[in-house]
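**Student:** Just so it is clear, I am handing over final_13.pdb, which has PDB, C-alpha atoms.
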```
ATOM      1  CA  MET A   1     -76.805  33.353 100.859
ATOM      2  CA  LYS A   2     -80.309  32.358  99.842
ATOM      3  CA  THR A   3     -81.066  31.996  96.139
ATOM      4  CA  GLU A   4     -84.621  32.008  94.909
ATOM      5  CA  LEU A   5     -85.194  29.411  92.200
ATOM      6  CA  ILE A   6     -87.188  30.225  89.074
ATOM      7  CA  VAL A   7     -90.350  28.135  88.702
ATOM      8  CA  LYS A   8     -91.283  27.294  85.088
ATOM      9  CA  PRO A   9     -94.427  25.609  83.800
ATOM     10  CA  LEU A  10     -93.687  21.937  83.085
ATOM     11  CA  ASN A  11     -93.287  21.181  79.390
ATOM     12  CA  ALA A  12     -91.878  18.243  77.462
ATOM     13  CA  LYS A  13     -89.120  20.195  75.695
ATOM     14  CA  ASP A  14     -87.522  21.696  78.795
ATOM     15  CA  PHE A  15     -87.981  18.478  80.765
ATOM     16  CA  ALA A  16     -86.491  16.214  78.069
ATOM     17  CA  PRO A  17     -82.994  16.069  79.648
ATOM     18  CA  TYR A  18     -84.558  14.681  82.830
ATOM     19  CA  GLY A  19     -87.292  12.378  81.603
ATOM     20  CA  ASP A  20     -90.772  12.200  80.106
ATOM     21  CA  VAL A  21     -93.833  14.351  80.677
ATOM     22  CA  ILE A  22     -96.861  12.053  80.841
ATOM     23  CA  GLU A  23     -99.824  13.887  79.341
ATOM     24  CA  VAL A  24    -102.366  13.906  76.548
ATOM     25  CA  THR A  25    -101.350  16.285  73.772
ATOM     26  CA  PRO A  26    -102.174  16.201  70.053
ATOM     27  CA  GLU A  27     -98.498  15.530  69.272
ATOM     28  CA  LYS A  28     -98.419  12.230  71.165
ATOM     29  CA  LYS A  29     -98.870   9.042  69.189
ATOM     30  CA  HIS A  30    -102.495   8.042  69.598
ATOM     31  CA  PHE A  31    -105.066   5.833  67.930
ATOM     32  CA  THR A  32    -108.701   4.910  68.306
ATOM     33  CA  ILE A  33    -109.629   1.569  69.866
ATOM     34  CA  ASN A  34    -112.625  -0.088  71.545
ATOM     35  CA  ASP A  35    -115.149   0.391  68.718
ATOM     36  CA  GLY A  36    -114.412   4.105  68.720
ATOM     37  CA  PHE A  37    -115.061   4.607  72.434
ATOM     38  CA  SER A  38    -111.421   5.043  73.541
ATOM     39  CA  GLU A  39    -108.438   6.967  72.287
ATOM     40  CA  ARG A  40    -105.143   5.330  73.234
ATOM     41  CA  TYR A  41    -102.291   7.776  73.878
ATOM     42  CA  HIS A  42     -99.560   5.259  73.469
ATOM     43  CA  ASP A  43     -96.262   4.592  75.214
ATOM     44  CA  LEU A  44     -95.913   7.922  76.991
ATOM     45  CA  ALA A  45     -92.900   7.108  79.177
ATOM     46  CA  ALA A  46     -89.777   4.984  78.930
ATOM     47  CA  ILE A  47     -90.307   2.520  81.766
ATOM     48  CA  ASP A  48     -86.858   1.232  82.713
ATOM     49  CA  THR A  49     -87.078  -1.034  85.729
ATOM     50  CA  LEU A  50     -85.430  -4.305  84.782
ATOM     51  CA  LYS A  51     -81.722  -3.715  85.416
ATOM     52  CA  ASN A  52     -80.143  -6.389  87.643
ATOM     53  CA  ASN A  53     -83.295  -8.521  87.443
ATOM     54  CA  GLY A  54     -85.526  -5.763  88.765
ATOM     55  CA  ARG A  55     -89.275  -5.812  88.263
ATOM     56  CA  THR A  56     -91.890  -3.137  87.671
ATOM     57  CA  LEU A  57     -93.741  -1.955  90.780
ATOM     58  CA  LEU A  58     -97.028  -0.068  90.853
ATOM     59  CA  ASN A  59     -97.581   1.989  94.014
ATOM     60  CA  ILE A  60     -99.538   4.924  95.352
ATOM     61  CA  PHE A  61     -97.676   7.679  97.203
ATOM     62  CA  ARG A  62     -99.778   9.821  99.532
ATOM     63  CA  SER A  63     -97.831  13.066  99.780
ATOM     64  CA  THR A  64     -98.159  15.870 102.305
ATOM     65  CA  PRO A  65     -97.205  19.381 101.140
ATOM     66  CA  LEU A  66     -94.104  20.965 102.659
ATOM     67  CA  PRO A  67     -94.632  24.412 104.183
ATOM     68  CA  LEU A  68     -93.877  27.260 101.757
ATOM     69  CA  PRO A  69     -91.420  28.697 100.985
ATOM     70  CA  ILE A  70     -89.432  25.478 100.483
ATOM     71  CA  ALA A  71     -85.715  25.602 101.322
ATOM     72  CA  LEU A  72     -84.303  22.531  99.550
ATOM     73  CA  LYS A  73     -82.619  20.154 101.957
ATOM     74  CA  MET A  74     -82.079  17.116  99.734
ATOM     75  CA  MET A  75     -82.034  15.611  96.278
ATOM     76  CA  GLU A  76     -82.018  11.949  95.297
ATOM     77  CA  ARG A  77     -81.493   9.729  92.270
ATOM     78  CA  HIS A  78     -82.253   6.154  91.293
ATOM     79  CA  PRO A  79     -79.268   4.854  89.359
ATOM     80  CA  LEU A  80     -80.921   1.593  88.338
ATOM     81  CA  SER A  81     -84.340   2.690  87.164
ATOM     82  CA  SER A  82     -86.847   5.227  85.993
ATOM     83  CA  GLN A  83     -89.550   6.448  88.377
ATOM     84  CA  ALA A  84     -92.900   7.758  87.126
ATOM     85  CA  PHE A  85     -95.400   9.887  89.067
ATOM     86  CA  MET A  86     -98.946  10.544  87.869
ATOM     87  CA  PRO A  87    -101.226  12.759  89.990
ATOM     88  CA  LEU A  88    -104.521  11.176  91.033
ATOM     89  CA  GLY A  89    -105.991  14.383  92.439
ATOM     90  CA  VAL A  90    -106.692  17.870  91.148
ATOM     91  CA  GLU A  91    -103.852  19.891  92.670
ATOM     92  CA  PRO A  92    -100.670  21.077  90.957
ATOM     93  CA  TYR A  93     -97.276  19.985  92.289
ATOM     94  CA  LEU A  94     -93.611  20.891  92.004
ATOM     95  CA  VAL A  95     -90.932  18.986  90.109
ATOM     96  CA  VAL A  96     -87.352  19.762  91.144
ATOM     97  CA  VAL A  97     -84.543  18.214  89.090
ATOM     98  CA  ALA A  98     -80.859  18.449  88.271
ATOM     99  CA  PRO A  99     -78.890  16.712  85.517
ATOM    100  CA  SER A 100     -77.602  13.175  86.071
ATOM    101  CA  GLY A 101     -73.916  12.650  86.732
ATOM    102  CA  GLU A 102     -72.027  14.683  89.324
ATOM    103  CA  PHE A 103     -74.552  16.716  91.301
ATOM    104  CA  ASN A 104     -74.468  20.449  90.604
ATOM    105  CA  GLU A 105     -76.533  22.578  92.958
ATOM    106  CA  ASN A 106     -76.450  25.476  90.512
ATOM    107  CA  ALA A 107     -78.081  23.381  87.788
ATOM    108  CA  ILE A 108     -81.272  22.731  89.739
ATOM    109  CA  GLU A 109     -84.447  23.433  87.751
ATOM    110  CA  VAL A 110     -87.967  23.769  89.143
ATOM    111  CA  PHE A 111     -91.153  23.052  87.197
ATOM    112  CA  LEU A 112     -94.762  23.601  88.161
ATOM    113  CA  ALA A 113     -96.844  20.629  86.969
ATOM    114  CA  SER A 114    -100.599  20.588  86.585
ATOM    115  CA  HIS A 115    -102.662  17.659  87.812
ATOM    116  CA  LYS A 116    -102.984  16.576  84.159
ATOM    117  CA  GLN A 117     -99.220  16.070  83.886
ATOM    118  CA  GLY A 118     -97.131  13.215  85.193
ATOM    119  CA  VAL A 119     -93.364  12.910  85.091
ATOM    120  CA  ASN A 120     -91.090   9.940  84.513
ATOM    121  CA  TYR A 121     -87.580  10.560  85.818
ATOM    122  CA  HIS A 122     -85.016   8.696  83.787
ATOM    123  CA  ALA A 123     -82.468   6.578  85.651
ATOM    124  CA  GLY A 124     -79.879   8.801  87.288
ATOM    125  CA  THR A 125     -81.808  12.094  87.142
ATOM    126  CA  TRP A 126     -81.403  14.001  90.408
ATOM    127  CA  HIS A 127     -84.799  14.984  91.810
ATOM    128  CA  HIS A 128     -86.458  16.115  94.970
ATOM    129  CA  TYR A 129     -89.052  13.806  96.461
ATOM    130  CA  CYS A 130     -92.650  14.389  95.516
ATOM    131  CA  LEU A 131     -93.743  17.968  96.350
ATOM    132  CA  ALA A 132     -97.514  18.087  96.588
ATOM    133  CA  LEU A 133     -99.073  21.530  96.846
ATOM    134  CA  ASN A 134    -102.168  22.822  98.652
ATOM    135  CA  LYS A 135    -103.301  19.553 100.231
ATOM    136  CA  VAL A 136    -102.434  15.909 100.774
ATOM    137  CA  SER A 137    -102.425  14.295  97.322
ATOM    138  CA  ASP A 138    -102.083  10.814  95.881
ATOM    139  CA  PHE A 139     -99.781   9.890  93.006
ATOM    140  CA  LEU A 140     -99.582   6.642  91.083
ATOM    141  CA  VAL A 141     -95.915   5.678  91.009
ATOM    142  CA  ILE A 142     -94.250   3.206  88.653
ATOM    143  CA  ASP A 143     -90.771   2.233  89.764
ATOM    144  CA  ARG A 144     -88.482  -0.706  90.369
ATOM    145  CA  GLY A 145     -88.493  -3.490  92.883
ATOM    146  CA  ASP A 146     -85.910  -6.130  93.511
ATOM    147  CA  PRO A 147     -86.767  -9.575  92.168
ATOM    148  CA  LYS A 148     -89.697 -10.992  94.118
ATOM    149  CA  PHE A 149     -88.114 -14.279  95.027
ATOM    150  CA  SER A 150     -84.618 -13.133  95.819
ATOM    151  CA  ASN A 151     -82.862 -12.111  99.009
ATOM    152  CA  LYS A 152     -80.727  -9.702  97.054
ATOM    153  CA  THR A 153     -81.524  -6.024  97.621
ATOM    154  CA  GLU A 154     -79.943  -3.503  95.292
ATOM    155  CA  LYS A 155     -79.204   0.001  96.479
ATOM    156  CA  ASN A 156     -81.241   2.112  94.078
ATOM    157  CA  CYS A 157     -81.425   5.449  95.879
ATOM    158  CA  ASP A 158     -78.566   7.913  96.333
ATOM    159  CA  VAL A 159     -79.398  10.892  98.545
ATOM    160  CA  ILE A 160     -77.457  14.148  98.752
ATOM    161  CA  LYS A 161     -78.044  16.726 101.504
ATOM    162  CA  LEU A 162     -78.403  20.427 100.690
ATOM    163  CA  ASP A 163     -77.982  23.400 103.036
ATOM    164  CA  GLY A 164     -81.354  25.032 102.369
ATOM    165  CA  SER A 165     -79.883  27.977 100.477
ATOM    166  CA  LYS A 166     -81.926  27.223  97.350
ATOM    167  CA  VAL A 167     -85.463  28.400  97.972
ATOM    168  CA  ILE A 168     -88.764  27.991  96.132
ATOM    169  CA  ARG A 169     -91.469  30.614  96.596
ATOM    170  CA  LEU A 170     -94.814  30.490  94.808
TER     171      LEU A 170
ATOM    172  CA  MET B 171    -133.949 -13.180  76.284
ATOM    173  CA  LYS B 172    -132.355 -10.212  77.996
ATOM    174  CA  THR B 173    -130.717 -10.788  81.364
ATOM    175  CA  GLU B 174    -129.975  -7.889  83.659
ATOM    176  CA  LEU B 175    -126.570  -8.228  85.296
ATOM    177  CA  ILE B 176    -126.090  -7.494  88.989
ATOM    178  CA  VAL B 177    -123.705  -4.586  89.662
ATOM    179  CA  LYS B 178    -121.605  -4.953  92.826
ATOM    180  CA  PRO B 179    -119.302  -2.394  94.427
ATOM    181  CA  LEU B 180    -115.716  -3.215  93.505
ATOM    182  CA  ASN B 181    -113.786  -4.855  96.320
ATOM    183  CA  ALA B 182    -110.509  -6.728  96.484
ATOM    184  CA  LYS B 183    -111.971  -9.993  97.768
ATOM    185  CA  ASP B 184    -114.591 -10.471  95.061
ATOM    186  CA  PHE B 185    -112.216  -9.246  92.371
ATOM    187  CA  ALA B 186    -109.311 -11.503  93.408
ATOM    188  CA  PRO B 187    -110.042 -14.221  90.792
ATOM    189  CA  TYR B 188    -109.677 -11.594  88.061
ATOM    190  CA  GLY B 189    -106.860  -9.374  89.245
ATOM    191  CA  ASP B 190    -105.853  -6.648  91.678
ATOM    192  CA  VAL B 191    -107.787  -3.654  92.978
ATOM    193  CA  ILE B 192    -105.403  -0.683  93.057
ATOM    194  CA  GLU B 193    -106.341   1.485  96.022
ATOM    195  CA  VAL B 194    -105.174   2.882  99.324
ATOM    196  CA  THR B 195    -106.537   0.872 102.237
ATOM    197  CA  PRO B 196    -105.108   0.365 105.735
ATOM    198  CA  GLU B 197    -104.564  -3.325 104.938
ATOM    199  CA  LYS B 198    -102.124  -2.627 102.104
ATOM    200  CA  LYS B 199     -98.425  -2.786 102.859
ATOM    201  CA  HIS B 200     -97.287   0.787 103.390
ATOM    202  CA  PHE B 201     -94.428   2.686 104.937
ATOM    203  CA  THR B 202     -93.370   6.259 105.526
ATOM    204  CA  ILE B 203     -90.694   7.797 103.296
ATOM    205  CA  ASN B 204     -89.435  11.252 102.273
ATOM    206  CA  ASP B 205     -88.700  12.588 105.789
ATOM    207  CA  GLY B 206     -92.235  11.767 106.823
ATOM    208  CA  PHE B 207     -93.912  13.659 103.977
ATOM    209  CA  SER B 208     -95.020  10.637 101.929
ATOM    210  CA  GLU B 209     -96.680   7.337 102.681
ATOM    211  CA  ARG B 210     -95.766   4.644 100.167
ATOM    212  CA  TYR B 211     -98.536   2.107  99.490
ATOM    213  CA  HIS B 212     -96.299  -0.512  98.035
ATOM    214  CA  ASP B 213     -96.573  -2.948  95.139
ATOM    215  CA  LEU B 214    -100.334  -2.779  94.642
ATOM    216  CA  ALA B 215    -100.584  -4.791  91.428
ATOM    217  CA  ALA B 216     -98.806  -7.735  89.840
ATOM    218  CA  ILE B 217     -97.415  -6.148  86.671
ATOM    219  CA  ASP B 218     -96.855  -9.002  84.221
ATOM    220  CA  THR B 219     -95.729  -7.657  80.858
ATOM    221  CA  LEU B 220     -92.494  -9.411  79.976
ATOM    222  CA  LYS B 221     -93.617 -12.680  78.373
ATOM    223  CA  ASN B 222     -92.018 -13.281  74.948
ATOM    224  CA  ASN B 223     -89.659 -10.338  75.432
ATOM    225  CA  GLY B 224     -92.483  -7.879  76.020
ATOM    226  CA  ARG B 225     -91.900  -4.558  77.712
ATOM    227  CA  THR B 226     -93.975  -2.397  80.077
ATOM    228  CA  LEU B 227     -95.976   0.369  78.409
ATOM    229  CA  LEU B 228     -97.457   3.409  80.125
ATOM    230  CA  ASN B 229    -100.407   4.960  78.287
ATOM    231  CA  ILE B 230    -103.429   7.160  78.809
ATOM    232  CA  PHE B 231    -106.808   5.972  77.528
ATOM    233  CA  ARG B 232    -109.406   8.679  76.974
ATOM    234  CA  SER B 233    -112.702   6.824  77.236
ATOM    235  CA  THR B 234    -116.165   7.918  76.124
ATOM    236  CA  PRO B 235    -119.131   6.490  78.047
ATOM    237  CA  LEU B 236    -121.408   4.073  76.229
ATOM    238  CA  PRO B 237    -125.101   4.975  76.291
ATOM    239  CA  LEU B 238    -127.000   3.339  79.151
ATOM    240  CA  PRO B 239    -128.324   0.707  79.477
ATOM    241  CA  ILE B 240    -125.336  -1.225  78.120
ATOM    242  CA  ALA B 241    -126.060  -4.412  76.178
ATOM    243  CA  LEU B 242    -122.752  -6.254  76.166
ATOM    244  CA  LYS B 243    -121.463  -6.904  72.651
ATOM    245  CA  MET B 244    -117.929  -8.080  73.328
ATOM    246  CA  MET B 245    -115.346  -9.276  75.815
ATOM    247  CA  GLU B 246    -111.601  -9.498  75.365
ATOM    248  CA  ARG B 247    -108.532 -10.976  77.043
ATOM    249  CA  HIS B 248    -104.788 -10.475  76.889
ATOM    250  CA  PRO B 249    -103.191 -13.913  77.115
ATOM    251  CA  LEU B 250     -99.643 -12.583  77.409
ATOM    252  CA  SER B 251     -99.970  -9.845  79.985
ATOM    253  CA  SER B 252    -101.705  -7.996  82.754
ATOM    254  CA  GLN B 253    -103.400  -4.681  82.018
ATOM    255  CA  ALA B 254    -103.885  -2.040  84.717
ATOM    256  CA  PHE B 255    -106.336   0.900  84.616
ATOM    257  CA  MET B 256    -106.208   3.784  87.098
ATOM    258  CA  PRO B 257    -108.786   6.580  86.809
ATOM    259  CA  LEU B 258    -107.346  10.081  86.476
ATOM    260  CA  GLY B 259    -110.673  11.845  86.887
ATOM    261  CA  VAL B 260    -113.438  11.930  89.466
ATOM    262  CA  GLU B 261    -116.103   9.728  87.881
ATOM    263  CA  PRO B 262    -116.933   6.114  88.714
ATOM    264  CA  TYR B 263    -116.679   3.430  86.017
ATOM    265  CA  LEU B 264    -117.773  -0.126  85.327
ATOM    266  CA  VAL B 265    -115.597  -3.224  85.402
ATOM    267  CA  VAL B 266    -116.991  -6.243  83.552
ATOM    268  CA  VAL B 267    -115.110  -9.526  83.849
ATOM    269  CA  ALA B 268    -115.380 -13.277  83.393
ATOM    270  CA  PRO B 269    -112.999 -16.033  84.510
ATOM    271  CA  SER B 270    -110.010 -16.911  82.344
ATOM    272  CA  GLY B 271    -110.092 -20.097  80.319
ATOM    273  CA  GLU B 272    -113.040 -21.043  78.151
ATOM    274  CA  PHE B 273    -115.385 -18.071  77.992
ATOM    275  CA  ASN B 274    -118.659 -18.510  79.899
ATOM    276  CA  GLU B 275    -121.255 -15.834  79.300
ATOM    277  CA  ASN B 276    -123.129 -16.871  82.427
ATOM    278  CA  ALA B 277    -120.092 -16.228  84.606
ATOM    279  CA  ILE B 278    -119.849 -12.527  83.754
ATOM    280  CA  GLU B 279    -119.531 -10.280  86.812
ATOM    281  CA  VAL B 280    -120.004  -6.506  86.919
ATOM    282  CA  PHE B 281    -118.373  -4.188  89.449
ATOM    283  CA  LEU B 282    -118.886  -0.483  90.026
ATOM    284  CA  ALA B 283    -115.513   1.138  90.732
ATOM    285  CA  SER B 284    -114.995   4.529  92.333
ATOM    286  CA  HIS B 285    -112.467   6.982  90.925
ATOM    287  CA  LYS B 286    -110.198   6.053  93.831
ATOM    288  CA  GLN B 287    -109.983   2.446  92.627
ATOM    289  CA  GLY B 288    -107.953   1.049  89.778
ATOM    290  CA  VAL B 289    -107.983  -2.501  88.462
ATOM    291  CA  ASN B 290    -105.218  -4.718  87.149
ATOM    292  CA  TYR B 291    -106.559  -7.572  85.042
ATOM    293  CA  HIS B 292    -104.361 -10.614  85.273
ATOM    294  CA  ALA B 293    -103.251 -12.255  82.032
ATOM    295  CA  GLY B 294    -106.129 -14.187  80.507
ATOM    296  CA  THR B 295    -108.982 -12.555  82.461
ATOM    297  CA  TRP B 296    -111.897 -11.866  80.137
ATOM    298  CA  HIS B 297    -112.996  -8.232  80.428
ATOM    299  CA  HIS B 298    -114.967  -5.607  78.617
ATOM    300  CA  TYR B 299    -113.072  -2.589  77.385
ATOM    301  CA  CYS B 300    -112.984   0.427  79.653
ATOM    302  CA  LEU B 301    -116.498   1.612  80.558
ATOM    303  CA  ALA B 302    -116.342   5.228  81.667
ATOM    304  CA  LEU B 303    -119.509   6.652  83.192
ATOM    305  CA  ASN B 304    -121.049  10.146  83.126
ATOM    306  CA  LYS B 305    -118.411  11.875  80.984
ATOM    307  CA  VAL B 306    -115.276  11.386  78.927
ATOM    308  CA  SER B 307    -112.592  10.222  81.365
ATOM    309  CA  ASP B 308    -108.880   9.516  81.281
ATOM    310  CA  PHE B 309    -107.260   6.387  82.685
ATOM    311  CA  LEU B 310    -103.583   5.649  83.166
ATOM    312  CA  VAL B 311    -102.993   2.215  81.627
ATOM    313  CA  ILE B 312    -100.039  -0.078  82.237
ATOM    314  CA  ASP B 313     -99.822  -2.928  79.749
ATOM    315  CA  ARG B 314     -97.474  -4.725  77.410
ATOM    316  CA  GLY B 315     -95.732  -3.742  74.240
ATOM    317  CA  ASP B 316     -93.701  -5.834  71.892
ATOM    318  CA  PRO B 317     -89.957  -5.366  72.142
ATOM    319  CA  LYS B 318     -89.044  -1.872  70.962
ATOM    320  CA  PHE B 319     -86.466  -2.898  68.441
ATOM    321  CA  SER B 320     -88.109  -5.938  66.964
ATOM    322  CA  ASN B 321     -90.329  -6.496  63.962
ATOM    323  CA  LYS B 322     -92.086  -9.280  65.781
ATOM    324  CA  THR B 323     -95.636  -8.481  66.872
ATOM    325  CA  GLU B 324     -97.343 -10.877  69.232
ATOM    326  CA  LYS B 325    -101.074 -11.290  69.174
ATOM    327  CA  ASN B 326    -102.055 -10.299  72.708
ATOM    328  CA  CYS B 327    -105.770  -9.620  72.369
ATOM    329  CA  ASP B 328    -108.490 -12.222  71.863
ATOM    330  CA  VAL B 329    -111.956 -10.785  71.281
ATOM    331  CA  ILE B 330    -115.242 -12.640  71.581
ATOM    332  CA  LYS B 331    -118.530 -11.217  70.286
ATOM    333  CA  LEU B 332    -121.695 -11.298  72.418
ATOM    334  CA  ASP B 333    -125.297 -10.977  71.272
ATOM    335  CA  GLY B 334    -126.278  -8.099  73.581
ATOM    336  CA  SER B 335    -128.541 -10.230  75.745
ATOM    337  CA  LYS B 336    -126.579  -9.407  78.918
ATOM    338  CA  VAL B 337    -127.565  -5.917  79.989
ATOM    339  CA  ILE B 338    -126.264  -3.456  82.575
ATOM    340  CA  ARG B 339    -128.620  -0.840  84.010
ATOM    341  CA  LEU B 340    -127.580   1.652  86.665
TER     342      LEU B 340
END
```
Kindly present the structure from the file in structure tokens form.
**Tutor:**
Amino acid sequence: MKTELIVKPLNAKDFAPYGDVIEVTPEKKHFTINDGFSERYHDLAAIDTLKNNGRTLLNIFRSTPLPLPIALKMMERHPLSSQAFMPLGVEPYLVVVAPSGEFNENAIEVFLASHKQGVNYHAGTWHHYCLALNKVSDFLVIDRGDPKFSNKTEKNCDVIKLDGSKVIRL
Amino acid sequence: MKTELIVKPLNAKDFAPYGDVIEVTPEKKHFTINDGFSERYHDLAAIDTLKNNGRTLLNIFRSTPLPLPIALKMMERHPLSSQAFMPLGVEPYLVVVAPSGEFNENAIEVFLASHKQGVNYHAGTWHHYCLALNKVSDFLVIDRGDPKFSNKTEKNCDVIKLDGSKVIRL
């Protein structure tokens, strides 16, 4: 049986169990710098990339939209690190998450994010991979790499397959 | 005497002494992920934020353009860390740098960056603060914070004043 998932606008309160919403709002800590020419919205996401001698990576993901409607076929999590996505274009995108711990298909939540909103998944949060909408879009991504001068590679991505019964329409 | 500075298009080769250019180009290491729906342009900047127990901060700077022409009045450097800027809007911006070490006013270089290009200043690179052009613009900034649960604050910004004799016209 197909179940249609509810799509909610992304907001910090509802997303708090999963991670941080990266955006400029009056409530964020901010202060004026650079002789008055810049406002610094400070420390907007808990970057957590150092477990097991990891290091912080900065990347760009170029994401192609999936055809709509989207029947979810997978979710993933990064047990060792956070992963932040910030849109570099002007299109909205979808954020699909489920609570960390044992995966529960019935706890999946779907958020519609504007191009002014990034997300930072906390370590362990189940999430779908990046779901661009409307056209191919770039995202700045902050995540974890293994130590640069080490042969050790840590497994930092668990993937679970879904049967496509959970569907997103827009 | 006023000296007009030459403005060059930002490119990785000329910027290499100062830091990384964050952009998607065919030469960057990249690979396909997410069932073919994303291309990962991998590890585009050397994030260096951990000296003296620092931690990685993610911030948004909202920058107001200076009036043109710009007579340079300052440069700064962060001895303990890199600092990355990625434009979140669609306007170009200026990048003003000088080599690390003893400051040399005659070694200042000016680059015009497109909104598809970020920069990551390496620790110690002298640079002007963020110079948005045309309109107020947001930048995602990755830099260093002091340890979260420490009273110790490290001085990580040296500022030098200039007399305004170096001028940028566009």
**Student:** Counting all atoms listed in the file, which residues in chain A sit no more than 7 Å from chain B? For each one, give the nearest pair of atoms and the distance in Å, sorted by chain then residue number, as JSON lines.
**Tutor:**
```
{"residue": "A:Asn34", "atom": "CA", "partner": "B:Tyr299", "partner_atom": "CA", "distance": 6.4}
{"residue": "A:Phe37", "atom": "CA", "partner": "B:Thr234", "partner_atom": "CA", "distance": 5.1}
{"residue": "A:Ser38", "atom": "CA", "partner": "B:Ser233", "partner_atom": "CA", "distance": 4.3}
{"residue": "A:Glu39", "atom": "CA", "partner": "B:Arg232", "partner_atom": "CA", "distance": 5.1}
{"residue": "A:Arg40", "atom": "CA", "partner": "B:Phe231", "partner_atom": "CA", "distance": 4.7}
{"residue": "A:Tyr41", "atom": "CA", "partner": "B:Ile230", "partner_atom": "CA", "distance": 5.1}
{"residue": "A:His42", "atom": "CA", "partner": "B:Asn229", "partner_atom": "CA", "distance": 4.9}
{"residue": "A:Asp43", "atom": "CA", "partner": "B:Asn229", "partner_atom": "CA", "distance": 5.2}
{"residue": "A:Leu44", "atom": "CA", "partner": "B:Asn229", "partner_atom": "CA", "distance": 5.5}
{"residue": "A:Ala45", "atom": "CA", "partner": "B:Leu228", "partner_atom": "CA", "distance": 5.9}
{"residue": "A:Ile47", "atom": "CA", "partner": "B:Thr226", "partner_atom": "CA", "distance": 6.4}
{"residue": "A:Thr56", "atom": "CA", "partner": "B:Ile217", "partner_atom": "CA", "distance": 6.4}
{"residue": "A:Leu57", "atom": "CA", "partner": "B:Asp213", "partner_atom": "CA", "distance": 5.3}
{"residue": "A:Leu58", "atom": "CA", "partner": "B:Asp213", "partner_atom": "CA", "distance": 5.2}
{"residue": "A:Asn59", "atom": "CA", "partner": "B:His212", "partner_atom": "CA", "distance": 4.9}
{"residue": "A:Ile60", "atom": "CA", "partner": "B:Tyr211", "partner_atom": "CA", "distance": 5.1}
{"residue": "A:Phe61", "atom": "CA", "partner": "B:Arg210", "partner_atom": "CA", "distance": 4.7}
{"residue": "A:Arg62", "atom": "CA", "partner": "B:Glu209", "partner_atom": "CA", "distance": 5.1}
{"residue": "A:Ser63", "atom": "CA", "partner": "B:Ser208", "partner_atom": "CA", "distance": 4.3}
{"residue": "A:Thr64", "atom": "CA", "partner": "B:Phe207", "partner_atom": "CA", "distance": 5.1}
{"residue": "A:Leu88", "atom": "CA", "partner": "B:Leu258", "partner_atom": "CA", "distance": 5.5}
{"residue": "A:Tyr129", "atom": "CA", "partner": "B:Asn204", "partner_atom": "CA", "distance": 6.4}
```
**Student:** Taking only C-alpha atoms into account, name the residue in A:Lys148, A:Lys2, A:Lys51, A:Lys8 that is nearest to Phe111 in chain A.
**Tutor:**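 For Phe111 in chain A, the nearest of the given residues is A:Lys8.
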**Student:** Please report the interatomic distance between CA of Pro17 in chain A and CA of Thr3 in chain A in Å with one decimal.
**Tutor:**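 Between CA of Pro17 in chain A and CA of Thr3 in chain A the gap is 23.0 Å.
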**Student:** Report, in Å to a single decimal, how far apart CA of Tyr121 in chain A and CA of Gly101 in chain A are.
**Tutor:** 13.9 Å
**Student:** Quick check on the file I pasted: which residues fall under the PyMOL selection byres ((chain A and resi 16) around 12)? Write them as a ChimeraX atom specification.
**Tutor:** /A:10-15,17-22,45-46,97-99,119-122,125
**Student:** So how many Å separate CA of Asp158 in chain A and CA of Ile108 in chain A, to one decimal?
**Tutor:**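 About the pair CA of Asp158 in chain A and CA of Ile108 in chain A: they are 16.4 Å apart.
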**Student:** Can you pull out the residues contacting Leu68 in chain A? Cut-off 10 Å, using all atoms listed in the file, and skip same-chain residues under 6 positions away; I want them as a VMD selection string.
**Tutor:** chain A and resid 133 to 134 167 to 170
**Student:** Using the chain letters and numbers from the file, give me the residues hit by the PyMOL selection byres ((chain B and resi 176) around 8), as number ranges by chain.
**Tutor:** B: 174-175, 177-178, 279-280, 338
**Student:** Could you save the residues just selected, with C-alpha atoms, as a compact mmCIF listing (two decimals), in the coordinates of the input?
**Tutor:**
```
# COMPACT_ATOMS: atom_id res chain seq x y z
CA GLU B 174 -129.98 -7.89 83.66
CA LEU B 175 -126.57 -8.23 85.30
CA VAL B 177 -123.70 -4.59 89.66
CA LYS B 178 -121.60 -4.95 92.83
CA GLU B 279 -119.53 -10.28 86.81
CA VAL B 280 -120.00 -6.51 86.92
CA ILE B 338 -126.26 -3.46 82.58
```
**Student:** Could you spell out the hits of the PyMOL selection byres ((chain B and resi 331) around 8) on the shown file, as a list in words?
**Tutor:**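 Answer for the PyMOL selection byres ((chain B and resi 331) around 8): Lys243, Met244, Met245, Val329, Ile330, Leu332 and Asp333 of chain B.
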**Student:** Got a sec: who's within 8 Å of Ser284 in chain B, counting all atoms listed in the file, leaving out chain neighbours fewer than 5 positions off, as a PyMOL selection string?
**Tutor:** chain B and resi 180+261-263
**Student:** Have range 261-265 of chain B completed to N, CA and C atoms, please, and pass it along as a JSON list (two decimals), in the coordinates of the input.
**Tutor:**
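The result, stored in result27.json:
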```
[["chain", "number", "residue", "atom", "x", "y", "z"],
["B", 261, "GLU", "N", -114.88, 10.47, 88.15],
["B", 261, "GLU", "CA", -116.10, 9.73, 87.88],
["B", 261, "GLU", "C", -115.92, 8.23, 88.19],
["B", 262, "PRO", "N", -116.99, 7.57, 88.59],
["B", 262, "PRO", "CA", -116.93, 6.11, 88.71],
["B", 262, "PRO", "C", -116.90, 5.46, 87.33],
["B", 263, "TYR", "N", -116.68, 4.15, 87.30],
["B", 263, "TYR", "CA", -116.68, 3.43, 86.02],
["B", 263, "TYR", "C", -117.06, 1.98, 86.28],
["B", 264, "LEU", "N", -117.35, 1.28, 85.21],
["B", 264, "LEU", "CA", -117.77, -0.13, 85.33],
["B", 264, "LEU", "C", -116.64, -1.07, 84.95],
["B", 265, "VAL", "N", -116.58, -2.18, 85.66],
["B", 265, "VAL", "CA", -115.60, -3.22, 85.40],
["B", 265, "VAL", "C", -116.38, -4.52, 85.15]]
```
